Structure formats: structure tokens, C-alpha cells
file entry.tsv (TSV, C-alpha atoms)
chain	number	residue	atom	x	y	z
A	1	MET	CA	0.00	0.00	0.00
A	2	ASP	CA	1.16	3.52	-0.73
A	3	SER	CA	0.48	5.19	2.63
A	4	LYS	CA	1.08	8.88	3.14
A	5	CYS	CA	0.20	11.34	5.82
A	6	CYS	CA	-2.21	13.84	4.34
A	7	ALA	CA	-0.20	16.73	5.76
A	8	GLY	CA	3.15	14.98	6.11
A	9	ASP	CA	6.56	16.35	5.25
A	10	GLU	CA	7.53	13.06	3.59
A	11	ALA	CA	4.93	13.63	0.89
A	12	LYS	CA	5.96	17.27	0.38
A	13	ALA	CA	9.51	16.54	-0.69
A	14	SER	CA	8.54	13.98	-3.31
A	15	GLN	CA	5.67	16.03	-4.68
A	16	GLN	CA	7.14	19.54	-4.91
A	17	ASN	CA	8.08	19.16	-8.57
A	18	ASP	CA	4.66	17.98	-9.76
A	19	THR	CA	2.60	20.64	-8.04
A	20	ALA	CA	3.05	23.45	-10.57
A	21	ASP	CA	-0.72	23.69	-11.02
A	22	ALA	CA	-1.45	23.34	-7.29
A	23	GLN	CA	-1.90	26.20	-4.89
A	24	PRO	CA	1.30	27.84	-3.58
A	25	ALA	CA	2.96	25.80	-0.85
A	26	MET	CA	3.05	27.17	2.66
A	27	ASN	CA	6.31	27.59	4.57
A	28	SER	CA	7.17	23.98	5.42
A	29	GLU	CA	9.31	25.03	8.37
A	30	ALA	CA	6.44	26.67	10.29
A	31	PRO	CA	4.24	24.10	12.07
A	32	MET	CA	0.52	24.54	11.62
A	33	ASN	CA	-2.07	24.66	14.41
A	34	GLU	CA	-5.41	23.21	13.53
A	35	ASP	CA	-8.79	24.07	15.04
A	36	ILE	CA	-11.96	22.09	14.87
A	37	VAL	CA	-14.72	24.26	13.43
A	38	LYS	CA	-17.84	22.14	13.37
A	39	GLY	CA	-19.34	19.19	11.63
A	40	SER	CA	-22.68	18.58	10.16
A	41	PRO	CA	-24.17	16.15	7.76
A	42	ALA	CA	-23.49	17.61	4.35
A	43	ALA	CA	-26.63	19.03	2.84
A	44	GLY	CA	-28.04	16.23	0.78
A	45	THR	CA	-24.98	14.05	1.35
A	46	GLU	CA	-25.74	12.12	4.52
A	47	LYS	CA	-26.79	8.75	3.20
A	48	LYS	CA	-27.51	5.89	5.50
A	49	SER	CA	-27.63	2.35	4.28
A	50	LYS	CA	-26.60	-0.93	5.77
A	51	LYS	CA	-22.94	-0.20	5.00
A	52	HIS	CA	-22.28	3.44	4.12
A	53	LYS	CA	-22.82	6.88	5.58
A	54	GLU	CA	-21.49	10.19	4.23
A	55	PHE	CA	-20.89	13.28	6.35
A	56	THR	CA	-18.84	16.47	6.23
A	57	ILE	CA	-16.29	17.64	8.74
A	58	LYS	CA	-14.88	21.16	8.88
A	59	LEU	CA	-11.43	21.82	10.31
A	60	ASN	CA	-9.24	24.91	10.69
A	61	LYS	CA	-5.46	24.71	10.82
A	62	ARG	CA	-3.38	27.23	12.77
A	63	GLU	CA	0.37	27.80	12.88
A	64	GLY	CA	2.01	25.92	15.74
A	65	GLY	CA	-1.00	23.64	16.32
A	66	PRO	CA	-1.57	19.92	15.91
A	67	ARG	CA	-1.27	18.17	12.56
A	68	LEU	CA	-4.26	16.81	10.68
A	69	GLY	CA	-3.40	13.37	12.05
A	70	ILE	CA	-4.41	10.91	9.35
A	71	ASP	CA	-2.40	8.52	7.20
A	72	VAL	CA	-3.97	7.98	3.80
A	73	ASP	CA	-3.55	5.65	0.83
A	74	LEU	CA	-3.68	7.20	-2.66
A	75	MET	CA	-3.72	3.90	-4.59
A	76	ASP	CA	-7.24	4.23	-5.97
A	77	GLY	CA	-6.55	7.73	-7.27
A	78	SER	CA	-10.12	9.01	-6.91
A	79	TYR	CA	-10.39	9.18	-3.11
A	80	LEU	CA	-8.19	9.04	-0.02
A	81	LEU	CA	-8.42	5.79	1.93
A	82	ILE	CA	-7.76	6.47	5.60
A	83	ASP	CA	-5.19	3.93	6.81
A	84	LYS	CA	-4.76	5.24	10.35
A	85	ILE	CA	-5.98	7.96	12.71
A	86	ASN	CA	-3.04	9.49	14.59
A	87	GLU	CA	-2.91	12.07	17.34
A	88	GLY	CA	-4.05	15.37	15.88
A	89	LEU	CA	-6.99	17.32	14.64
A	90	VAL	CA	-9.06	14.41	13.32
A	91	ASP	CA	-8.58	12.49	16.57
A	92	THR	CA	-9.81	15.53	18.51
A	93	TRP	CA	-12.75	15.78	16.08
A	94	ASN	CA	-13.62	12.14	16.83
A	95	GLN	CA	-13.60	12.75	20.57
A	96	GLU	CA	-15.95	15.72	20.19
A	97	HIS	CA	-18.23	14.15	17.55
A	98	PRO	CA	-18.67	10.43	18.31
A	99	ASP	CA	-21.73	10.29	16.04
A	100	MET	CA	-19.57	11.36	13.07
A	101	GLU	CA	-16.35	9.55	13.91
A	102	VAL	CA	-13.69	9.29	11.19
A	103	LYS	CA	-12.19	5.79	11.25
A	104	ALA	CA	-9.57	3.69	9.50
A	105	ASN	CA	-10.90	2.40	6.15
A	106	ASP	CA	-13.19	5.42	5.71
A	107	HIS	CA	-12.87	7.27	2.40
A	108	VAL	CA	-12.22	10.99	1.99
A	109	MET	CA	-14.38	11.62	-1.08
A	110	ALA	CA	-13.80	15.39	-1.36
A	111	VAL	CA	-11.67	18.14	0.17
A	112	ASN	CA	-12.78	21.76	-0.31
A	113	GLY	CA	-14.90	20.76	-3.30
A	114	ILE	CA	-12.12	18.75	-4.99
A	115	ARG	CA	-13.39	15.27	-5.97
A	116	GLY	CA	-12.04	12.39	-7.96
A	117	ASP	CA	-8.33	13.31	-7.69
A	118	ALA	CA	-6.56	11.90	-4.64
A	119	GLN	CA	-3.35	13.82	-5.32
A	120	ALA	CA	-5.20	17.17	-5.57
A	121	MET	CA	-7.11	16.40	-2.38
A	122	THR	CA	-3.82	15.66	-0.57
A	123	GLU	CA	-2.39	18.97	-1.77
A	124	ALA	CA	-5.53	20.77	-0.58
A	125	CYS	CA	-5.04	19.24	2.90
A	126	LYS	CA	-1.46	20.50	3.00
A	127	ASN	CA	-1.98	23.94	1.49
A	128	ASN	CA	-5.26	25.22	2.95
A	129	ASP	CA	-5.97	26.54	6.43
A	130	LYS	CA	-9.69	25.71	6.22
A	131	LEU	CA	-10.68	22.19	5.26
A	132	GLU	CA	-14.12	20.85	4.45
A	133	MET	CA	-13.88	17.09	4.01
A	134	LEU	CA	-16.61	14.76	2.77
A	135	ILE	CA	-16.17	11.41	4.53
A	136	LYS	CA	-17.72	8.14	3.38
A	137	SER	CA	-17.86	5.74	6.30
A	138	GLU	CA	-17.58	2.04	5.59

call {"tool": "encode", "arguments": {"input": "entry.tsv", "output": "C-alpha cells"}}
result
Amino acid sequence: MDSKCCAGDEAKASQQNDTADAQPAMNSEAPMNEDIVKGSPAAGTEKKSKKHKEFTIKLNKREGGPRLGIDVDLMDGSYLLIDKINEGLVDTWNQEHPDMEVKANDHVMAVNGIRGDAQAMTEACKNNDKLEMLIKSE
């Protein structure tokens, strides 16, 4: 599996050359703080079935704060498969929103309106202070 941390430095170094069309990179030396904004079922996107549920989480990053805290797999190319929840913003989200918990094996289907391109969604996680993430729970 090709696991990467959505906001990790290890992904930044290998991807700097192929991000010419991406948003400008932030100073990689300054750590980012991240705040939890709020979560709500996405308008028209919360779907409950026997296996799947979709919901939206909203997060704010701040300089000097915790990292996003998820390891993701880009293998599919159209979504981010969450491999692991680490200490960080998503873990704090989970503690505060147990009814909309983000778990390993969930799919990040969109980040800030970007869908269908795992690489672009990863870049959005790294380069934006405000994140709106559509999660598909398995």
C-alpha cells in the first residue's frame, strides 16, 4: 500500500516538482495549528444504508497547532483511503463528535470541493488553512 500522511513532510519533498498547477505551498518550516470548526451532515450528502454513511467535517489549521493526524492511501486515485488515525486534529474531532467519527478504512471523497483526484485532495489538505472534508464511512 502507498500510505502517506495527508499533511506529512515526507509527501511534500517527493511532490514539490509535480505541483506546478497546485496552490502555492506554505512555509514547510512553520508548524501549523489546527482548530476544529464544526461538523454537520453535508446538505443532501448524509446517506444511511446498511454499509455506508457520508458526512462532512470542517477543520481549521493554525500555525504551531496539531497536525491533521491521518495517514492515507492514494492507490485508488479518486479518493483518499484512511489507513490510520493518529494524534491530531481528526482524533480531537472524533472525541468531540462520536456520532460522526472518522475511522480507518473510511474514504475521503472530497476536500474543499475537490473530488475524484486523490493527489489534488492531498495537496488541498497540505496547502489550505480551512478544510471541508466529505467522509464516506464504511

call {"tool": "residues_around", "arguments": {"input": "entry.tsv", "residues": "Ala104 in chain A", "least_positions_apart": "2", "cutoff": "9 Å", "atoms": "all atoms listed in the file", "output": "ChimeraX atom specification"}}
result
/A:70-71,81-85,102,106-107

call {"tool": "closest_residue", "arguments": {"input": "entry.tsv", "among": "A:Met75, A:Thr122, A:Thr56, A:Asp91", "to": "Ile135 in chain A", "atoms": "only C-alpha atoms"}}
result
A:Thr56

call {"tool": "closest_residue", "arguments": {"input": "entry.tsv", "among": "A:Glu138, A:Leu131, A:Gln119, A:Arg67", "to": "Thr92 in chain A", "atoms": "only C-alpha atoms"}}
result
A:Arg67

call {"tool": "atom_distance", "arguments": {"input": "entry.tsv", "atom1": "CA of Gly64 in chain A", "atom2": "CA of Ala118 in chain A"}}
result
26.2 Å

call {"tool": "atom_distance", "arguments": {"input": "entry.tsv", "atom1": "CA of Gly69 in chain A", "atom2": "CA of Gly116 in chain A"}}
result
21.8 Å

call {"tool": "atom_distance", "arguments": {"input": "entry.tsv", "atom1": "CA of Asn112 in chain A", "atom2": "CA of Asp76 in chain A"}}
result
19.2 Å

call {"tool": "closest_residue", "arguments": {"input": "entry.tsv", "among": "A:Tyr79, A:Gln95, A:Asp73, A:Lys61", "to": "Ala120 in chain A", "atoms": "only C-alpha atoms"}}
result
A:Tyr79

call {"tool": "residues_near_point", "arguments": {"input": "entry.tsv", "point": "(-14.7, 21.0, 5.5)", "cutoff": "7 Å", "atoms": "all atoms listed in the file", "output": "PDB file with C-alpha atoms, in the frame of the given file"}}
result
ATOM      1  CA  THR A  56     -18.840  16.470   6.230  1.00  0.00           C
ATOM      2  CA  ILE A  57     -16.290  17.640   8.740  1.00  0.00           C
ATOM      3  CA  LYS A  58     -14.880  21.160   8.880  1.00  0.00           C
ATOM      4  CA  LEU A  59     -11.430  21.820  10.310  1.00  0.00           C
ATOM      5  CA  VAL A 111     -11.670  18.140   0.170  1.00  0.00           C
ATOM      6  CA  ASN A 112     -12.780  21.760  -0.310  1.00  0.00           C
ATOM      7  CA  LYS A 130      -9.690  25.710   6.220  1.00  0.00           C
ATOM      8  CA  LEU A 131     -10.680  22.190   5.260  1.00  0.00           C
ATOM      9  CA  GLU A 132     -14.120  20.850   4.450  1.00  0.00           C
ATOM     10  CA  MET A 133     -13.880  17.090   4.010  1.00  0.00           C
TER      11      MET A 133
END

call {"tool": "closest_residue", "arguments": {"input": "entry.tsv", "among": "A:Pro66, A:Asn128, A:His52, A:Trp93", "to": "Asn105 in chain A", "atoms": "all atoms listed in the file"}}
result
A:His52

call {"tool": "closest_residue", "arguments": {"input": "entry.tsv", "among": "A:Leu80, A:Met121, A:Ile114, A:Val90", "to": "Lys136 in chain A", "atoms": "all atoms listed in the file"}}
result
A:Leu80
